[in-house]
file coords_29.txt (compact mmCIF, C-alpha atoms)
# COMPACT_ATOMS: atom_id res chain seq x y z
CA MET G 1 23.38 -5.05 -3.42
CA ASP G 2 24.03 -1.34 -3.96
CA ARG G 3 21.57 0.44 -6.24
CA LYS G 4 22.12 3.48 -8.40
CA PHE G 5 19.66 6.16 -7.41
CA GLU G 6 18.67 8.73 -10.00
CA TRP G 7 16.33 11.71 -10.06
CA GLN G 8 13.06 10.80 -11.73
CA ALA G 9 11.80 14.32 -12.27
CA GLN G 10 13.14 17.84 -11.96
CA ARG G 11 16.23 17.66 -9.78
CA THR G 12 15.73 18.79 -6.21
CA THR G 13 17.82 18.60 -3.07
CA THR G 14 14.91 18.98 -0.65
CA PRO G 15 14.12 16.24 1.89
CA ASP G 16 10.73 15.77 0.21
CA GLY G 17 12.36 15.26 -3.18
CA VAL G 18 14.78 12.70 -1.77
CA TYR G 19 11.90 11.02 0.07
CA ARG G 20 9.95 10.64 -3.18
CA VAL G 21 12.92 9.09 -4.99
CA LEU G 22 13.59 6.56 -2.23
CA ARG G 23 9.90 5.80 -1.65
CA THR G 24 9.37 5.08 -5.34
CA ALA G 25 12.42 2.81 -5.38
CA ILE G 26 11.03 0.85 -2.44
CA LEU G 27 7.48 0.56 -3.74
CA ASP G 28 8.36 -0.31 -7.34
CA GLY G 29 10.70 -3.06 -6.17
CA THR G 30 13.95 -1.41 -7.24
CA VAL G 31 15.05 -1.72 -3.60
CA THR G 32 13.92 -4.97 -2.03
CA PRO G 33 12.75 -5.74 1.53
CA GLY G 34 15.71 -6.17 3.87
CA GLU G 35 18.08 -4.24 1.61
CA GLN G 36 20.29 -1.58 3.18
CA LEU G 37 19.99 2.06 2.11
CA ARG G 38 23.60 3.19 2.27
CA GLU G 39 23.71 6.90 3.00
CA THR G 40 27.14 7.51 1.48
CA HIS G 41 26.21 5.90 -1.84
CA ILE G 42 22.77 7.49 -2.07
CA ALA G 43 24.10 10.95 -1.27
CA ALA G 44 26.75 10.54 -3.98
CA ASP G 45 24.25 9.23 -6.54
CA LEU G 46 21.87 12.13 -5.96
CA GLY G 47 24.53 14.78 -5.44
CA ILE G 48 23.17 15.86 -2.08
CA SER G 49 24.36 16.31 1.48
CA ARG G 50 23.52 13.90 4.29
CA SER G 51 21.06 16.33 5.93
CA PRO G 52 18.11 16.08 3.47
CA LEU G 53 18.81 12.36 3.06
CA ARG G 54 18.51 11.74 6.79
CA GLU G 55 15.28 13.74 6.93
CA ALA G 56 13.93 11.65 4.07
CA LEU G 57 14.92 8.41 5.81
CA THR G 58 13.22 9.57 9.00
CA LYS G 59 10.01 10.23 7.07
CA LEU G 60 10.22 6.77 5.50
CA GLU G 61 10.78 5.28 8.95
CA GLU G 62 7.67 7.08 10.25
CA GLU G 63 5.73 5.65 7.31
CA GLY G 64 6.87 2.16 8.22
CA LEU G 65 8.90 1.54 5.07
CA VAL G 66 12.37 1.83 6.62
CA VAL G 67 13.86 0.66 9.90
CA LYS G 68 17.01 2.17 11.40
CA VAL G 69 19.30 -0.33 13.09
CA PRO G 70 21.79 1.19 15.59
CA PHE G 71 25.41 1.05 14.38
CA ARG G 72 24.34 -0.64 11.13
CA GLY G 73 22.22 1.83 9.16
CA SER G 74 18.82 2.04 7.47
CA PHE G 75 17.09 -0.96 5.89
CA VAL G 76 13.90 -1.49 3.94
CA VAL G 77 11.40 -3.15 6.27
CA GLU G 78 10.65 -6.81 5.63
CA VAL G 79 7.16 -8.25 5.89
CA SER G 80 6.83 -12.00 6.26
CA ALA G 81 4.42 -14.22 4.38
CA ARG G 82 2.99 -15.25 7.74
CA ASP G 83 2.31 -11.61 8.70
CA VAL G 84 0.43 -11.03 5.46
CA ALA G 85 -1.51 -14.28 5.74
CA GLU G 86 -2.58 -13.54 9.30
CA ILE G 87 -3.74 -10.04 8.33
CA ALA G 88 -5.62 -11.46 5.33
CA SER G 89 -7.36 -14.05 7.52
CA ILE G 90 -8.60 -11.39 9.95
CA ARG G 91 -9.60 -9.04 7.14
CA MET G 92 -11.85 -11.76 5.75
CA LEU G 93 -13.80 -11.55 9.01
CA VAL G 94 -13.86 -7.83 9.74
CA GLU G 95 -13.68 -5.96 6.43
CA PRO G 96 -17.09 -7.07 5.15
CA TYR G 97 -18.50 -5.77 8.44
CA ALA G 98 -16.65 -2.47 7.96
CA ALA G 99 -18.07 -2.29 4.44
CA GLU G 100 -21.56 -2.93 5.79
CA LEU G 101 -21.21 -0.14 8.36
CA ALA G 102 -19.69 2.31 5.86
CA ALA G 103 -22.05 1.58 2.97
CA SER G 104 -24.69 4.20 3.77
CA THR G 105 -22.07 6.96 4.04
CA LEU G 106 -20.32 5.86 0.85
CA ARG G 107 -23.64 5.72 -0.99
CA ASP G 108 -24.44 9.30 -0.01
CA ALA G 109 -22.08 11.90 1.51
CA GLU G 110 -18.82 10.22 0.50
CA ARG G 111 -19.87 8.60 -2.79
CA LEU G 112 -17.73 11.07 -4.78
CA ARG G 113 -14.69 10.23 -2.68
CA LEU G 114 -15.16 6.52 -3.36
CA LYS G 115 -15.61 7.22 -7.07
CA GLN G 116 -12.46 9.37 -7.16
CA THR G 117 -10.44 6.67 -5.40
CA ILE G 118 -11.49 4.07 -7.97
CA GLU G 119 -10.62 6.52 -10.78
CA GLU G 120 -7.18 7.06 -9.21
CA LEU G 121 -6.68 3.31 -9.08
CA TYR G 122 -7.60 2.96 -12.76
CA ARG G 123 -5.30 5.84 -13.72
CA ALA G 124 -2.37 4.40 -11.78
CA THR G 125 -2.82 0.85 -13.04
CA ASP G 126 -3.38 1.92 -16.65
CA THR G 127 -0.08 3.83 -16.61
CA ASN G 128 1.69 1.00 -14.76
CA ASP G 129 2.57 3.38 -11.91
CA ILE G 130 3.25 0.85 -9.15
CA PRO G 131 3.69 3.33 -6.22
CA ALA G 132 0.54 5.25 -7.18
CA SER G 133 -1.42 2.01 -7.63
CA ILE G 134 -0.39 0.89 -4.14
CA ASP G 135 -1.42 4.22 -2.62
CA ALA G 136 -4.82 4.12 -4.35
CA HIS G 137 -5.30 0.44 -3.43
CA LEU G 138 -4.76 1.26 0.24
CA ARG G 139 -6.95 4.38 0.09
CA PHE G 140 -9.80 2.28 -1.31
CA HIS G 141 -9.83 -0.18 1.59
CA ARG G 142 -9.14 2.53 4.16
CA LEU G 143 -12.43 4.21 3.21
CA PHE G 144 -14.49 1.32 4.56
CA TYR G 145 -12.70 1.34 7.91
CA GLU G 146 -12.63 5.14 8.11
CA PHE G 147 -16.37 5.53 7.49
CA SER G 148 -17.44 2.51 9.52
CA GLY G 149 -17.81 4.75 12.57
CA ASN G 150 -16.09 2.01 14.57
CA SER G 151 -12.84 3.07 16.25
CA ALA G 152 -11.75 -0.54 16.83
CA LEU G 153 -11.98 -1.26 13.11
CA GLN G 154 -10.09 1.95 12.34
CA SER G 155 -7.32 0.94 14.75
CA LEU G 156 -7.04 -2.47 13.11
CA TRP G 157 -6.55 -0.86 9.70
CA ASN G 158 -3.97 1.61 11.04
CA GLY G 159 -1.99 -1.29 12.47
CA TRP G 160 -2.00 -3.16 9.14
CA GLU G 161 -1.49 -0.43 6.60
CA ASN G 162 2.32 -0.28 6.49
CA LYS G 163 2.67 -4.06 6.26
CA LEU G 164 0.09 -4.15 3.50
CA ARG G 165 1.92 -1.38 1.66
CA LEU G 166 5.09 -3.50 1.60
CA TYR G 167 3.14 -6.61 0.62
CA PHE G 168 1.47 -4.77 -2.28
CA ALA G 169 4.92 -3.59 -3.38
CA MET G 170 5.76 -7.26 -3.93
CA ASP G 171 2.30 -8.30 -5.16
CA HIS G 172 1.39 -5.61 -7.71
CA PRO G 173 4.33 -6.32 -10.06
CA THR G 174 3.22 -9.96 -10.31
CA TYR G 175 0.06 -8.99 -12.23
CA SER G 176 0.34 -9.59 -15.95
CA ASP G 177 -2.24 -6.82 -16.34
CA LEU G 178 -2.19 -4.28 -13.49
CA HIS G 179 -5.51 -2.91 -14.77
CA GLN G 180 -7.18 -5.99 -13.27
CA ILE G 181 -6.62 -4.61 -9.76
CA ALA G 182 -8.82 -1.62 -10.55
CA VAL G 183 -11.49 -3.85 -12.10
CA GLU G 184 -11.53 -6.05 -8.99
CA HIS G 185 -11.90 -3.09 -6.66
CA GLU G 186 -14.65 -1.48 -8.68
CA LYS G 187 -16.50 -4.79 -8.24
CA LEU G 188 -15.94 -4.64 -4.47
CA ALA G 189 -17.34 -1.11 -4.38
CA GLU G 190 -20.45 -2.16 -6.31
CA LEU G 191 -21.09 -5.07 -3.93
CA ALA G 192 -20.69 -2.87 -0.87
CA LEU G 193 -22.98 -0.15 -2.19
CA GLU G 194 -25.60 -2.77 -3.13
CA GLY G 195 -25.49 -4.11 0.42
CA ASP G 196 -24.31 -7.53 -0.78
CA ILE G 197 -21.94 -8.13 2.10
CA GLU G 198 -21.65 -11.87 1.52
CA GLY G 199 -20.77 -11.12 -2.09
CA TYR G 200 -18.16 -8.65 -0.85
CA ARG G 201 -16.67 -11.33 1.39
CA GLU G 202 -16.55 -13.86 -1.44
CA GLU G 203 -14.91 -11.36 -3.79
CA MET G 204 -12.36 -10.44 -1.11
CA LEU G 205 -11.61 -14.11 -0.58
CA ARG G 206 -11.05 -14.61 -4.29
CA GLN G 207 -8.75 -11.59 -4.48
CA SER G 208 -6.81 -12.63 -1.36
CA HIS G 209 -6.17 -16.17 -2.61
CA ASN G 210 -2.38 -15.66 -2.77
CA ALA G 211 -2.04 -14.03 0.66
CA LEU G 212 -4.08 -16.74 2.41
CA GLY G 213 -2.13 -19.42 0.61
CA ALA G 214 1.12 -18.10 2.04
CA GLN G 215 0.08 -19.38 5.48
CA GLY G 216 -1.37 -22.60 4.19
CA THR G 217 -4.90 -21.43 5.03
CA ASP G 218 -6.12 -21.15 1.46
CA PRO G 219 -9.57 -22.73 1.42
CA ALA G 220 -9.33 -23.62 -2.26
call {"tool": "encode", "arguments": {"input": "coords_29.txt", "output": "structure tokens"}}
result
Amino acid sequence: MDRKFEWQAQRTTTPDGVYRVLRTAILDGTVTPGEQLRETHIAADLGISRSPLREALTKLEEEGLVVKVPFRGSFVVEVSARDVAEIASIRMLVEPYAAELAASTLRDAERLRLKQTIEELYRATDTNDIPASIDAHLRFHRLFYEFSGNSALQSLWNGWENKLRLYFAMDHPTYSDLHQIAVEHEKLAELALEGDIEGYREEMLRQSHNALGAQGTDPA
């Protein structure tokens, strides 16, 4: 299905401006996984040339949101339920460990950064800003891997992030109250900082109920 793309803020013809329009459309579900981004139609909708559009599509491809298929065009990347379920199953095992390793740093030197990330998540969810809520959601979890001091854990997160971004783009709009995502993650932060790693694991498991269920591995 062809979408009508419109400028959401002050009109700009820069590649970054086009990138923001397309990225928002992907993350808020306006453009769905597997859907083609037709250059001719988008350029006409936005009143731009192909050059900034192609730069924007390249940036989206680098971010893992778009795939370019030779002789066919650009498509929004699809993430399967199985992919998400497998990632969720592994995260249940390794993320509590990452949280345990990162806790001392996040309690001290990087406590403000953790606090700011939670505030950003509240701000995004309270204004129903789906793309911003996804970005803050990912930043929150990335902190534990980043400050774990374990390069293997960091590599795992880097390999998952783009797939999780696309999954969250489908998952966030299903919340009747997006604010609940921020509440859940503030709880995770409290458990990690208190050193309650088993509590962190249990809370993660509760929050990941839907993702695990997609593979039929839901323990409930």
call {"tool": "residues_around", "arguments": {"input": "coords_29.txt", "residues": "Phe5 of chain G", "least_positions_apart": "6", "cutoff": "7 Å", "atoms": "all atoms listed in the file", "output": "PyMOL selection string"}}
result
chain G and resi 42+45-46
call {"tool": "residues_near_point", "arguments": {"input": "coords_29.txt", "point": "(13.9, 9.5, 4.1)", "cutoff": "10 Å", "atoms": "all atoms listed in the file", "output": "MDAnalysis selection string"}}
result
chainID G and resid 15:23 37 52:63 65:66 74
call {"tool": "residues_around", "arguments": {"input": "coords_29.txt", "residues": "Arg38 of chain G", "least_positions_apart": "5", "cutoff": "9 Å", "atoms": "all atoms listed in the file", "output": "VMD selection string"}}
result
chain G and resid 2 43 73 to 75
call {"tool": "closest_residue", "arguments": {"input": "coords_29.txt", "among": "G:Gln36, G:Arg50, G:Phe144, G:Ser176", "to": "Ser104 of chain G", "atoms": "all atoms listed in the file"}}
result
G:Phe144
call {"tool": "closest_residue", "arguments": {"input": "coords_29.txt", "among": "G:Glu35, G:His172, G:Lys187, G:Ser89", "to": "Ile118 of chain G", "atoms": "only C-alpha atoms"}}
result
G:Lys187
call {"tool": "atom_distance", "arguments": {"input": "coords_29.txt", "atom1": "atom CA of Ala88 of chain G", "atom2": "atom CA of Ser208 of chain G"}}
result
6.9 Å
